[in-house]
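Right, one structure below, let's go through it.
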Amino acid sequence: MNRMAHLERESPNLAHSWSDRRSMTDLLLTIGAWVVALLACIPLLSVLYMLIVKGGGRLSLELFTELPPAGFETGGGFGNAIVGTLVMVVLAAVISVPVGVLAAVYLSELGPNSQLGQSARFLAKVLTGFPSILVGVFVYAVVVLAMGTYSAVAGGIALAILMLATVVLTAEEALKMVPRKMKEAALGMGCTPTQMIWKVALPTALPGILTGVMLAIARVSGESAPLLFTALFSNYWLSRLNEPTASLSILIYNFSSMPFENQIQLAWSASLVLVLIVLVFNILSRLFGRPKY
Amino acid sequence: MSSNPFSMAGSAESVSQSPSGGEYLVDRGFRSLAVIAAFLVIVLVAYIVWQIGRQALPAIREHQIGFLTHSDWNVQEQKFGILPAIWGTLYSSLLALLVGGFFGLTVAIFLTQGFVHTRLGFVLRLVIEMLAAIPSVVFGLWGIFVVIPTIRPAANWLNENLGFLPFFKTSLSGPGLLPAAIVLAIMILPTVAAISQDALTSVPYRTKEAAYGMGATRWEVILKVMVPTAAGGIFSAMVLGLGRALGETMALAMLIGNSNQLTLSLFAPAETLAALIASHFPEAGPAEVEALMYAALVLLAIALFVNMAGIGLLTLTQRRISGKA
């Protein structure tokens, strides 16, 4: 009896009202979220705008064919830096991809839950967030001091170390995506684990592995801290792999602090070229990664 | 046709056969190679730590623990101390985390809680992902020519009118802590946004539906249900973002001003460990290289600690949410 009366007195008001404090808070926070999301887009748009306006103005063929200018010179380009960056990135990929994919094969197929597998996976994750300058310091101590000279090889090794973790972790994910039934079917037909991996797992996971490799390449081609004292810089064309080598990122760093307008312009153009290189690898990674059916 | 499908096995026409000796050997060899490769990852990290530690050893003997508490960096007198660099590293990273963390989390909420149409969400997600693809030096260049001139009027107004506060004590003449922290915040935003998005989308759907079903408004659901449920993942996103900020080098070397002073002022030039190494290493003599190796070891310890904590937390929370022990 008492309960019925209670219900009648306080039947809830289900009508939605904008003047309600809860609705107002909701609206204000939603507007706030829109503002924050739009603000978050500004940096990228501003960077791209500056690259196109400041870097695009200077874009010409001679940028790709000429050497960096000295102090007061006009003109010039950064052909040697483009070559240097590409050579070191290729070196890095040649070193890190086989090792990375092999390690991923172990992590996903051979010993996913073994002590070794878990430790390697954990340390690979730690390596993805590793300060790149420390890799530079390490390679300086191990390679540069041993060879007695700054070199493209040292730069390539530094970039390979930075690539390795990304390659391992993405290749492992790709291999794990291969349906278990396919692997079991291959093993059930009498394949050795190696035959199963080479003929079923790796071919099926190839698009995913390539995505990871391209992402890793995109990431390291813009790196500069590990090259600073491994590859150093050079004002000349690359002739041998065991001598100091130019790279786009170091060129930008060096030129950004120079008091000459010509060098600043070149730094912007080099930034545009570098971002385009990074974007090409990024787009490639998306193309490989797109599901085919 | 034989009625028994198994009669083929073992007969001469059968396609199936047990592995030959060669195949057996190849299998053994390949599997050992894979084990070695996995082992190599572990050895590599251990070797990096050992090698940097070994290079730092002479400086550790020479300067001992005082290296961490002194603030001179004088090559002539062989006096080296990294207190300002440690302070600058922590100060700039925490500032960047404050701003980048807020923006990153808000963007993650915005993208996962049904605020935008799928196509617009795709564009925003692409913009944030592309931010991660811009090289550090390009951000440095952009910081010098865009961020510093843009914030200079506001910074100098704050200095003139609120100069009694320690944060605004100096004017912004060029490179300084604030531009560095702003660029750093932009650089860690994608990391924080990506990991927070994963954390928010891994909250079970029925948890969200239950909250909506009880009549909660969207932001009540987000702030009282979604964010607390995903708190573990969001926290590790912040820790990993911090780890990224601590190790960031080139943009900071270009923007922070490389001045070895202890300051609270946001507009004063400062120093970070990574920027110190990057700017001094190329021209350093033997004694200074040793000191820089010591600085690298300190950075290594801080970065490893923060990263391992972040990854450990993330693994723990993922296990808890997916229900595995």
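Identifiers for the structure tokens are assigned positionally: chains receive A, B, ... in sequence, residues are indexed from 1 per chain, and ligands are indexed from 1 in the order shown.
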
Could you name the residues that touch Ala245 (chain B) at 8 Å or less, counting only C-alpha atoms, but leaving out those on the same chain fewer than 5 positions away, as a PDB file with N, CA, C and O atoms, in the first residue's frame?
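For reference, out_33.pdb as written:
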```
ATOM      1  N   SER B  93      59.648  16.412 -20.443  1.00  0.00           N
ATOM      2  CA  SER B  93      58.843  15.226 -20.747  1.00  0.00           C
ATOM      3  C   SER B  93      57.515  15.260 -20.007  1.00  0.00           C
ATOM      4  O   SER B  93      56.475  14.911 -20.569  1.00  0.00           O
ATOM      5  N   ALA B  96      55.280  17.774 -21.595  1.00  0.00           N
ATOM      6  CA  ALA B  96      54.777  17.234 -22.859  1.00  0.00           C
ATOM      7  C   ALA B  96      53.705  16.188 -22.594  1.00  0.00           C
ATOM      8  O   ALA B  96      52.688  16.130 -23.301  1.00  0.00           O
ATOM      9  N   LEU B  97      53.905  15.386 -21.542  1.00  0.00           N
ATOM     10  CA  LEU B  97      52.929  14.347 -21.228  1.00  0.00           C
ATOM     11  C   LEU B  97      51.611  14.962 -20.781  1.00  0.00           C
ATOM     12  O   LEU B  97      50.532  14.481 -21.126  1.00  0.00           O
ATOM     13  N   LEU B 184      57.340  18.279 -28.410  1.00  0.00           N
ATOM     14  CA  LEU B 184      57.401  16.946 -27.800  1.00  0.00           C
ATOM     15  C   LEU B 184      55.981  16.409 -27.580  1.00  0.00           C
ATOM     16  O   LEU B 184      55.707  15.219 -27.821  1.00  0.00           O
ATOM     17  N   ALA B 185      55.082  17.274 -27.121  1.00  0.00           N
ATOM     18  CA  ALA B 185      53.686  16.869 -26.889  1.00  0.00           C
ATOM     19  C   ALA B 185      53.055  16.383 -28.191  1.00  0.00           C
ATOM     20  O   ALA B 185      52.367  15.360 -28.222  1.00  0.00           O
ATOM     21  N   MET B 187      54.635  15.131 -30.675  1.00  0.00           N
ATOM     22  CA  MET B 187      55.262  13.887 -31.100  1.00  0.00           C
ATOM     23  C   MET B 187      54.768  12.677 -30.318  1.00  0.00           C
ATOM     24  O   MET B 187      54.788  11.563 -30.834  1.00  0.00           O
ATOM     25  N   ILE B 188      54.351  12.875 -29.037  1.00  0.00           N
ATOM     26  CA  ILE B 188      53.878  11.696 -28.289  1.00  0.00           C
ATOM     27  C   ILE B 188      52.373  11.508 -28.413  1.00  0.00           C
ATOM     28  O   ILE B 188      51.851  10.468 -28.033  1.00  0.00           O
TER      29      ILE B 188
END
```

Who sits within 6 Å of region 88-99 of chain A, only C-alpha atoms, same chain under 6 positions skipped, as number ranges by chain: A: 156-157, 159-160, 164; B: 37

For region 68-83 of chain B: contacts at 10 Å, only C-alpha atoms, fewer than 2 positions along chain excluded, given as a PyMOL selection string: chain B and resi 59+63-66+85-89+259-262+271-273+276+284-285+287-288+291-292+294-295+298

Writer output for current selection, N, CA and C atoms, as a PDB file, in the first residue's frame:
```
ATOM      1  N   ALA B  59      84.392   7.138 -16.522  1.00  0.00           N
ATOM      2  CA  ALA B  59      83.783   8.370 -16.016  1.00  0.00           C
ATOM      3  C   ALA B  59      83.116   8.134 -14.671  1.00  0.00           C
ATOM      4  N   HIS B  63      84.116  10.554 -11.749  1.00  0.00           N
ATOM      5  CA  HIS B  63      83.189  11.575 -11.234  1.00  0.00           C
ATOM      6  C   HIS B  63      82.261  11.032 -10.166  1.00  0.00           C
ATOM      7  N   GLN B  64      82.151   9.712 -10.105  1.00  0.00           N
ATOM      8  CA  GLN B  64      81.289   9.047  -9.138  1.00  0.00           C
ATOM      9  C   GLN B  64      79.861   9.591  -9.142  1.00  0.00           C
ATOM     10  N   ILE B  65      79.230   9.576  -7.970  1.00  0.00           N
ATOM     11  CA  ILE B  65      77.812   9.924  -7.921  1.00  0.00           C
ATOM     12  C   ILE B  65      77.614  11.438  -8.042  1.00  0.00           C
ATOM     13  N   GLY B  66      78.686  12.198  -7.796  1.00  0.00           N
ATOM     14  CA  GLY B  66      78.601  13.649  -7.890  1.00  0.00           C
ATOM     15  C   GLY B  66      78.227  14.126  -9.286  1.00  0.00           C
ATOM     16  N   ALA B  85      70.618  18.624 -16.956  1.00  0.00           N
ATOM     17  CA  ALA B  85      70.108  17.804 -18.061  1.00  0.00           C
ATOM     18  C   ALA B  85      69.046  16.826 -17.570  1.00  0.00           C
ATOM     19  N   ILE B  86      69.289  16.222 -16.393  1.00  0.00           N
ATOM     20  CA  ILE B  86      68.280  15.310 -15.840  1.00  0.00           C
ATOM     21  C   ILE B  86      67.006  16.085 -15.547  1.00  0.00           C
ATOM     22  N   TRP B  87      67.165  17.245 -14.896  1.00  0.00           N
ATOM     23  CA  TRP B  87      66.017  18.084 -14.580  1.00  0.00           C
ATOM     24  C   TRP B  87      65.269  18.477 -15.863  1.00  0.00           C
ATOM     25  N   GLY B  88      66.008  18.920 -16.882  1.00  0.00           N
ATOM     26  CA  GLY B  88      65.376  19.358 -18.127  1.00  0.00           C
ATOM     27  C   GLY B  88      64.662  18.204 -18.819  1.00  0.00           C
ATOM     28  N   THR B  89      65.276  17.000 -18.782  1.00  0.00           N
ATOM     29  CA  THR B  89      64.643  15.832 -19.394  1.00  0.00           C
ATOM     30  C   THR B  89      63.296  15.554 -18.733  1.00  0.00           C
ATOM     31  N   SER B 259      71.330  24.866 -22.990  1.00  0.00           N
ATOM     32  CA  SER B 259      71.969  25.677 -21.979  1.00  0.00           C
ATOM     33  C   SER B 259      71.925  24.930 -20.662  1.00  0.00           C
ATOM     34  N   ASN B 260      73.097  24.790 -20.064  1.00  0.00           N
ATOM     35  CA  ASN B 260      73.204  23.948 -18.874  1.00  0.00           C
ATOM     36  C   ASN B 260      72.778  24.716 -17.629  1.00  0.00           C
ATOM     37  N   GLN B 261      71.489  25.022 -17.500  1.00  0.00           N
ATOM     38  CA  GLN B 261      71.069  25.707 -16.277  1.00  0.00           C
ATOM     39  C   GLN B 261      69.814  25.076 -15.699  1.00  0.00           C
ATOM     40  N   LEU B 262      69.729  25.200 -14.384  1.00  0.00           N
ATOM     41  CA  LEU B 262      68.566  24.688 -13.668  1.00  0.00           C
ATOM     42  C   LEU B 262      67.535  25.789 -13.624  1.00  0.00           C
ATOM     43  N   GLU B 271      68.297  22.044 -21.128  1.00  0.00           N
ATOM     44  CA  GLU B 271      69.080  20.938 -21.687  1.00  0.00           C
ATOM     45  C   GLU B 271      68.386  19.630 -21.353  1.00  0.00           C
ATOM     46  N   THR B 272      68.485  18.655 -22.223  1.00  0.00           N
ATOM     47  CA  THR B 272      68.037  17.314 -21.839  1.00  0.00           C
ATOM     48  C   THR B 272      69.194  16.353 -22.064  1.00  0.00           C
ATOM     49  N   LEU B 273      69.110  15.170 -21.482  1.00  0.00           N
ATOM     50  CA  LEU B 273      70.201  14.199 -21.595  1.00  0.00           C
ATOM     51  C   LEU B 273      70.478  13.858 -23.058  1.00  0.00           C
ATOM     52  N   LEU B 276      71.939  16.763 -24.920  1.00  0.00           N
ATOM     53  CA  LEU B 276      73.324  16.961 -24.480  1.00  0.00           C
ATOM     54  C   LEU B 276      74.261  16.030 -25.249  1.00  0.00           C
ATOM     55  N   ALA B 284      83.517  16.069 -29.196  1.00  0.00           N
ATOM     56  CA  ALA B 284      84.066  15.833 -27.856  1.00  0.00           C
ATOM     57  C   ALA B 284      85.445  15.205 -27.896  1.00  0.00           C
ATOM     58  N   GLY B 285      86.292  15.586 -26.951  1.00  0.00           N
ATOM     59  CA  GLY B 285      87.573  14.926 -26.730  1.00  0.00           C
ATOM     60  C   GLY B 285      87.361  13.676 -25.893  1.00  0.00           C
ATOM     61  N   ALA B 287      88.033  12.711 -22.750  1.00  0.00           N
ATOM     62  CA  ALA B 287      87.468  12.814 -21.399  1.00  0.00           C
ATOM     63  C   ALA B 287      85.982  13.147 -21.477  1.00  0.00           C
ATOM     64  N   GLU B 288      85.621  14.034 -22.438  1.00  0.00           N
ATOM     65  CA  GLU B 288      84.227  14.425 -22.548  1.00  0.00           C
ATOM     66  C   GLU B 288      83.383  13.258 -23.068  1.00  0.00           C
ATOM     67  N   ALA B 291      82.494  11.150 -20.212  1.00  0.00           N
ATOM     68  CA  ALA B 291      81.423  11.772 -19.430  1.00  0.00           C
ATOM     69  C   ALA B 291      80.079  11.612 -20.141  1.00  0.00           C
ATOM     70  N   LEU B 292      80.098  11.763 -21.482  1.00  0.00           N
ATOM     71  CA  LEU B 292      78.848  11.628 -22.240  1.00  0.00           C
ATOM     72  C   LEU B 292      78.329  10.192 -22.182  1.00  0.00           C
ATOM     73  N   TYR B 294      78.653   8.268 -19.623  1.00  0.00           N
ATOM     74  CA  TYR B 294      78.002   8.211 -18.311  1.00  0.00           C
ATOM     75  C   TYR B 294      76.585   8.790 -18.425  1.00  0.00           C
ATOM     76  N   ALA B 295      76.468   9.923 -19.117  1.00  0.00           N
ATOM     77  CA  ALA B 295      75.146  10.530 -19.311  1.00  0.00           C
ATOM     78  C   ALA B 295      74.230   9.573 -20.081  1.00  0.00           C
ATOM     79  N   VAL B 298      72.892   6.966 -17.794  1.00  0.00           N
ATOM     80  CA  VAL B 298      71.793   7.470 -16.959  1.00  0.00           C
ATOM     81  C   VAL B 298      70.496   7.500 -17.767  1.00  0.00           C
TER      82      VAL B 298
END
```

12 Å contact set for Phe281 (chain A), only C-alpha atoms, chain neighbours under 2 positions out, as a ChimeraX atom specification: /A:86,89,210-222,274-279,283-288 /B:130,133

Would you write out those residues with N, CA and C atoms, as a PDB file, in the first residue's frame?
```pdb
ATOM      1  N   LEU A  86      69.154   6.405 -48.767  1.00  0.00           N
ATOM      2  CA  LEU A  86      68.622   5.181 -49.366  1.00  0.00           C
ATOM      3  C   LEU A  86      69.574   4.007 -49.165  1.00  0.00           C
ATOM      4  N   VAL A  89      69.382   2.831 -45.569  1.00  0.00           N
ATOM      5  CA  VAL A  89      68.118   2.166 -45.269  1.00  0.00           C
ATOM      6  C   VAL A  89      68.100   0.759 -45.877  1.00  0.00           C
ATOM      7  N   LEU A 210      55.384  -7.910 -45.061  1.00  0.00           N
ATOM      8  CA  LEU A 210      55.826  -6.768 -45.874  1.00  0.00           C
ATOM      9  C   LEU A 210      55.316  -5.458 -45.281  1.00  0.00           C
ATOM     10  N   THR A 211      54.072  -5.455 -44.783  1.00  0.00           N
ATOM     11  CA  THR A 211      53.544  -4.258 -44.135  1.00  0.00           C
ATOM     12  C   THR A 211      54.472  -3.821 -43.010  1.00  0.00           C
ATOM     13  N   GLY A 212      54.857  -4.786 -42.179  1.00  0.00           N
ATOM     14  CA  GLY A 212      55.729  -4.466 -41.057  1.00  0.00           C
ATOM     15  C   GLY A 212      57.074  -3.949 -41.518  1.00  0.00           C
ATOM     16  N   VAL A 213      57.641  -4.596 -42.552  1.00  0.00           N
ATOM     17  CA  VAL A 213      58.949  -4.167 -43.052  1.00  0.00           C
ATOM     18  C   VAL A 213      58.876  -2.741 -43.585  1.00  0.00           C
ATOM     19  N   MET A 214      57.812  -2.451 -44.355  1.00  0.00           N
ATOM     20  CA  MET A 214      57.667  -1.106 -44.924  1.00  0.00           C
ATOM     21  C   MET A 214      57.494  -0.063 -43.816  1.00  0.00           C
ATOM     22  N   LEU A 215      56.709  -0.412 -42.787  1.00  0.00           N
ATOM     23  CA  LEU A 215      56.523   0.506 -41.660  1.00  0.00           C
ATOM     24  C   LEU A 215      57.853   0.780 -40.979  1.00  0.00           C
ATOM     25  N   ALA A 216      58.641  -0.295 -40.788  1.00  0.00           N
ATOM     26  CA  ALA A 216      59.927  -0.145 -40.120  1.00  0.00           C
ATOM     27  C   ALA A 216      60.853   0.724 -40.964  1.00  0.00           C
ATOM     28  N   ILE A 217      60.834   0.511 -42.295  1.00  0.00           N
ATOM     29  CA  ILE A 217      61.673   1.321 -43.181  1.00  0.00           C
ATOM     30  C   ILE A 217      61.242   2.785 -43.114  1.00  0.00           C
ATOM     31  N   ALA A 218      59.909   3.014 -43.133  1.00  0.00           N
ATOM     32  CA  ALA A 218      59.400   4.379 -43.054  1.00  0.00           C
ATOM     33  C   ALA A 218      59.894   5.043 -41.776  1.00  0.00           C
ATOM     34  N   ARG A 219      59.880   4.264 -40.684  1.00  0.00           N
ATOM     35  CA  ARG A 219      60.272   4.835 -39.412  1.00  0.00           C
ATOM     36  C   ARG A 219      61.754   5.199 -39.395  1.00  0.00           C
ATOM     37  N   VAL A 220      62.613   4.317 -39.897  1.00  0.00           N
ATOM     38  CA  VAL A 220      64.040   4.602 -39.771  1.00  0.00           C
ATOM     39  C   VAL A 220      64.558   5.552 -40.838  1.00  0.00           C
ATOM     40  N   SER A 221      63.842   5.681 -41.958  1.00  0.00           N
ATOM     41  CA  SER A 221      64.411   6.564 -42.980  1.00  0.00           C
ATOM     42  C   SER A 221      64.383   8.016 -42.528  1.00  0.00           C
ATOM     43  N   GLY A 222      63.556   8.345 -41.546  1.00  0.00           N
ATOM     44  CA  GLY A 222      63.557   9.705 -41.029  1.00  0.00           C
ATOM     45  C   GLY A 222      64.450   9.892 -39.820  1.00  0.00           C
ATOM     46  N   LEU A 274      62.305  14.197 -47.703  1.00  0.00           N
ATOM     47  CA  LEU A 274      62.360  13.159 -46.670  1.00  0.00           C
ATOM     48  C   LEU A 274      60.954  12.698 -46.292  1.00  0.00           C
ATOM     49  N   VAL A 275      60.041  13.663 -46.082  1.00  0.00           N
ATOM     50  CA  VAL A 275      58.669  13.302 -45.723  1.00  0.00           C
ATOM     51  C   VAL A 275      58.027  12.504 -46.858  1.00  0.00           C
ATOM     52  N   LEU A 276      58.321  12.881 -48.117  1.00  0.00           N
ATOM     53  CA  LEU A 276      57.760  12.125 -49.242  1.00  0.00           C
ATOM     54  C   LEU A 276      58.277  10.692 -49.238  1.00  0.00           C
ATOM     55  N   ILE A 277      59.585  10.516 -48.970  1.00  0.00           N
ATOM     56  CA  ILE A 277      60.143   9.156 -48.916  1.00  0.00           C
ATOM     57  C   ILE A 277      59.440   8.352 -47.830  1.00  0.00           C
ATOM     58  N   VAL A 278      59.297   8.968 -46.638  1.00  0.00           N
ATOM     59  CA  VAL A 278      58.642   8.278 -45.521  1.00  0.00           C
ATOM     60  C   VAL A 278      57.205   7.926 -45.899  1.00  0.00           C
ATOM     61  N   LEU A 279      56.511   8.878 -46.540  1.00  0.00           N
ATOM     62  CA  LEU A 279      55.111   8.633 -46.908  1.00  0.00           C
ATOM     63  C   LEU A 279      54.984   7.518 -47.926  1.00  0.00           C
ATOM     64  N   ILE A 283      52.618   4.401 -47.422  1.00  0.00           N
ATOM     65  CA  ILE A 283      51.532   4.026 -48.322  1.00  0.00           C
ATOM     66  C   ILE A 283      51.725   2.597 -48.813  1.00  0.00           C
ATOM     67  N   LEU A 284      53.009   2.254 -49.145  1.00  0.00           N
ATOM     68  CA  LEU A 284      53.299   0.868 -49.554  1.00  0.00           C
ATOM     69  C   LEU A 284      52.841  -0.109 -48.488  1.00  0.00           C
ATOM     70  N   SER A 285      53.112   0.244 -47.209  1.00  0.00           N
ATOM     71  CA  SER A 285      52.744  -0.684 -46.139  1.00  0.00           C
ATOM     72  C   SER A 285      51.233  -0.861 -46.091  1.00  0.00           C
ATOM     73  N   ARG A 286      50.484   0.216 -46.341  1.00  0.00           N
ATOM     74  CA  ARG A 286      49.026   0.095 -46.344  1.00  0.00           C
ATOM     75  C   ARG A 286      48.542  -0.748 -47.519  1.00  0.00           C
ATOM     76  N   LEU A 287      49.206  -0.574 -48.695  1.00  0.00           N
ATOM     77  CA  LEU A 287      48.795  -1.343 -49.880  1.00  0.00           C
ATOM     78  C   LEU A 287      49.006  -2.833 -49.654  1.00  0.00           C
ATOM     79  N   PHE A 288      50.178  -3.194 -49.083  1.00  0.00           N
ATOM     80  CA  PHE A 288      50.446  -4.605 -48.820  1.00  0.00           C
ATOM     81  C   PHE A 288      49.475  -5.161 -47.801  1.00  0.00           C
TER      82      PHE A 288
ATOM     83  N   MET B 130      49.640   9.999 -39.402  1.00  0.00           N
ATOM     84  CA  MET B 130      50.666  10.658 -40.214  1.00  0.00           C
ATOM     85  C   MET B 130      51.584  11.509 -39.347  1.00  0.00           C
ATOM     86  N   ALA B 133      54.472   9.766 -38.471  1.00  0.00           N
ATOM     87  CA  ALA B 133      55.406   9.465 -39.556  1.00  0.00           C
ATOM     88  C   ALA B 133      56.336  10.628 -39.852  1.00  0.00           C
TER      89      ALA B 133
END
```

Nearest candidate to chain A (options B:Phe267, B:Phe167, B:Phe281, B:Trp157; using only C-alpha atoms):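 Among B:Phe267, B:Phe167, B:Phe281, B:Trp157, it is B:Phe281 that comes nearest to chain A.
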
Atom-to-atom span, CA of Gly84 (chain A) and CA of Ser247 (chain A), Å: 5.1 Å

Selected residue, from B:Leu266, B:Ala108, B:Ile186, B:Leu94, that lies nearest to Val239 (chain B) when counting only C-alpha atoms: B:Leu94

Test item: residues at most 12 Å from Gly241 (chain B), only C-alpha atoms, excluding those fewer than 3 positions along its chain, as a VMD selection string: (chain A and resid 129 to 130) or (chain B and resid 93 to 102 104 to 105 184 to 196 234 to 238 244 to 248 303 306 to 307 309 to 311)

Residue nearest Thr249 (chain B) - candidates B:Leu44, B:Val183, B:Ala301, B:Val35, atoms counted: only C-alpha atoms: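 Ranking B:Leu44, B:Val183, B:Ala301, B:Val35 by distance to Thr249 (chain B), first place goes to B:Val183.
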
All alpha helix (DSSP H) residues (DSSP, backbone) inside region 122-244 of chain A, as a ChimeraX atom specification: /A:122-128,132-139,145-147,152-177,180-188,193-196,202-221

Convert the current residue selection to file output with C-alpha atoms, as a compact mmCIF listing (two decimals), in the first residue's frame.
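Writing the result to part_27.txt gives the following:
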```txt
# COMPACT_ATOMS: atom_id res chain seq x y z
CA PHE A 122 59.33 -8.54 -24.03
CA LEU A 123 62.76 -7.18 -24.98
CA ALA A 124 61.63 -6.55 -28.57
CA LYS A 125 58.81 -4.42 -27.16
CA VAL A 126 61.28 -2.59 -24.94
CA LEU A 127 63.46 -2.01 -28.00
CA THR A 128 60.59 -0.27 -29.88
CA SER A 132 67.45 6.10 -30.78
CA ILE A 133 70.38 8.24 -29.65
CA LEU A 134 71.51 5.40 -27.38
CA VAL A 135 71.64 3.06 -30.36
CA GLY A 136 73.90 5.64 -31.95
CA VAL A 137 76.14 5.70 -28.88
CA PHE A 138 76.25 1.90 -28.86
CA VAL A 139 77.15 1.59 -32.54
CA LEU A 145 85.76 2.68 -32.79
CA ALA A 146 86.56 -0.78 -34.22
CA MET A 147 86.60 0.40 -37.84
CA ALA A 152 77.68 4.04 -44.10
CA VAL A 153 78.06 0.54 -42.66
CA ALA A 154 77.92 1.88 -39.10
CA GLY A 155 74.88 4.01 -39.99
CA GLY A 156 73.18 1.02 -41.59
CA ILE A 157 73.82 -1.16 -38.54
CA ALA A 158 72.39 1.53 -36.23
CA LEU A 159 69.24 1.76 -38.36
CA ALA A 160 69.02 -2.06 -38.50
CA ILE A 161 68.93 -2.23 -34.70
CA LEU A 162 66.10 0.31 -34.66
CA MET A 163 64.18 -1.61 -37.36
CA LEU A 164 64.61 -5.02 -35.80
CA ALA A 165 61.97 -4.73 -33.07
CA THR A 166 59.26 -3.48 -35.44
CA VAL A 167 60.03 -6.24 -37.94
CA VAL A 168 59.96 -8.95 -35.25
CA LEU A 169 56.71 -7.82 -33.64
CA THR A 170 54.74 -7.18 -36.85
CA ALA A 171 55.97 -10.39 -38.51
CA GLU A 172 54.96 -12.33 -35.40
CA GLU A 173 51.46 -10.84 -35.56
CA ALA A 174 51.22 -11.66 -39.28
CA LEU A 175 52.32 -15.28 -38.71
CA LYS A 176 49.82 -15.64 -35.89
CA MET A 177 47.00 -14.53 -38.22
CA ARG A 180 45.68 -22.65 -37.28
CA LYS A 181 43.87 -25.24 -39.44
CA MET A 182 46.17 -24.54 -42.38
CA LYS A 183 49.27 -25.12 -40.28
CA GLU A 184 47.78 -28.25 -38.69
CA ALA A 185 46.74 -29.55 -42.11
CA ALA A 186 50.28 -29.16 -43.43
CA LEU A 187 51.76 -30.86 -40.38
CA GLY A 188 49.10 -33.58 -40.57
CA PRO A 193 57.81 -27.85 -39.25
CA THR A 194 60.28 -26.17 -41.62
CA GLN A 195 58.27 -27.21 -44.70
CA MET A 196 55.08 -26.02 -43.02
CA LEU A 202 55.36 -17.57 -44.54
CA PRO A 203 53.63 -17.31 -47.96
CA THR A 204 50.25 -16.73 -46.31
CA ALA A 205 51.67 -14.18 -43.89
CA LEU A 206 53.79 -12.43 -46.55
CA PRO A 207 51.51 -9.36 -47.00
CA GLY A 208 51.50 -8.76 -43.25
CA ILE A 209 55.27 -9.22 -43.01
CA LEU A 210 55.83 -6.77 -45.87
CA THR A 211 53.54 -4.26 -44.14
CA GLY A 212 55.73 -4.47 -41.06
CA VAL A 213 58.95 -4.17 -43.05
CA MET A 214 57.67 -1.11 -44.92
CA LEU A 215 56.52 0.51 -41.66
CA ALA A 216 59.93 -0.14 -40.12
CA ILE A 217 61.67 1.32 -43.18
CA ALA A 218 59.40 4.38 -43.05
CA ARG A 219 60.27 4.84 -39.41
CA VAL A 220 64.04 4.60 -39.77
CA SER A 221 64.41 6.56 -42.98
```

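Here CA of Ala181 (chain B) is placed at a distance of 14.8 Å from CA of Phe168 (chain B).
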
Ile222 (chain B) surroundings by only C-alpha atoms, 9 Å radius, close-in-sequence under 5 positions cut, as a PyMOL selection string: chain B and resi 109+113+208+217+227-228

Go ahead and dump the residues you just picked, all heavy atoms, as a compact mmCIF listing (two decimals), in the first residue's frame.
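And here is the file that came out, again.txt:
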```
# COMPACT_ATOMS: atom_id res chain seq x y z
N ILE B 109 39.10 9.03 -27.10
CA ILE B 109 37.69 8.98 -26.73
C ILE B 109 36.82 9.40 -27.90
O ILE B 109 35.83 8.76 -28.25
CB ILE B 109 37.42 9.91 -25.51
CG1 ILE B 109 38.08 9.34 -24.26
CG2 ILE B 109 35.94 10.13 -25.29
CD1 ILE B 109 38.01 10.25 -23.06
N GLN B 113 34.13 6.57 -29.18
CA GLN B 113 32.85 6.60 -28.50
C GLN B 113 31.71 7.16 -29.35
O GLN B 113 30.78 7.77 -28.85
CB GLN B 113 32.97 7.40 -27.19
CG GLN B 113 34.01 6.85 -26.24
CD GLN B 113 33.78 5.39 -25.90
OE1 GLN B 113 32.67 4.98 -25.57
NE2 GLN B 113 34.81 4.58 -26.00
N LYS B 208 29.35 -1.05 -21.67
CA LYS B 208 28.92 0.25 -22.17
C LYS B 208 27.40 0.29 -22.32
O LYS B 208 26.73 1.22 -21.87
CB LYS B 208 29.58 0.44 -23.54
CG LYS B 208 29.39 1.76 -24.19
CD LYS B 208 30.36 1.77 -25.36
CE LYS B 208 30.02 2.72 -26.44
NZ LYS B 208 30.97 2.59 -27.56
N THR B 217 24.09 9.74 -19.48
CA THR B 217 24.39 10.50 -20.70
C THR B 217 25.72 9.98 -21.25
O THR B 217 26.44 9.24 -20.59
CB THR B 217 24.54 12.01 -20.41
OG1 THR B 217 25.67 12.18 -19.54
CG2 THR B 217 23.30 12.57 -19.75
N VAL B 227 36.33 5.13 -19.12
CA VAL B 227 37.70 5.50 -18.75
C VAL B 227 38.17 4.73 -17.50
O VAL B 227 39.27 4.18 -17.51
CB VAL B 227 37.84 7.03 -18.60
CG1 VAL B 227 39.18 7.39 -18.00
CG2 VAL B 227 37.67 7.70 -19.95
N PRO B 228 37.34 4.64 -16.44
CA PRO B 228 37.82 3.83 -15.30
C PRO B 228 38.07 2.37 -15.67
O PRO B 228 39.04 1.78 -15.20
CB PRO B 228 36.66 3.93 -14.29
CG PRO B 228 35.97 5.20 -14.64
CD PRO B 228 36.09 5.34 -16.11
```

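Of the listed residues A:Lys199, A:Arg240, A:Arg121, A:Arg22, the one whose atoms come nearest to Arg218 (chain B) is A:Arg22, with distances taken using only C-alpha atoms.
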
Pro69 (chain A) environment, 12 Å, only C-alpha atoms, sequence neighbours closer than 5 positions dropped, as a list in words: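 Surrounding residues, per the criterion: Glu62, Leu63, Thr74, Gly75, Gly76, Gly77, Phe78, Gly79, Asn80, Ser234, Asn235, Tyr236, Leu251, Phe255, Met258, Phe260, Glu261, Asn262, Gln263, Ile264, Gln265, Leu266 and Ala267 of chain A.
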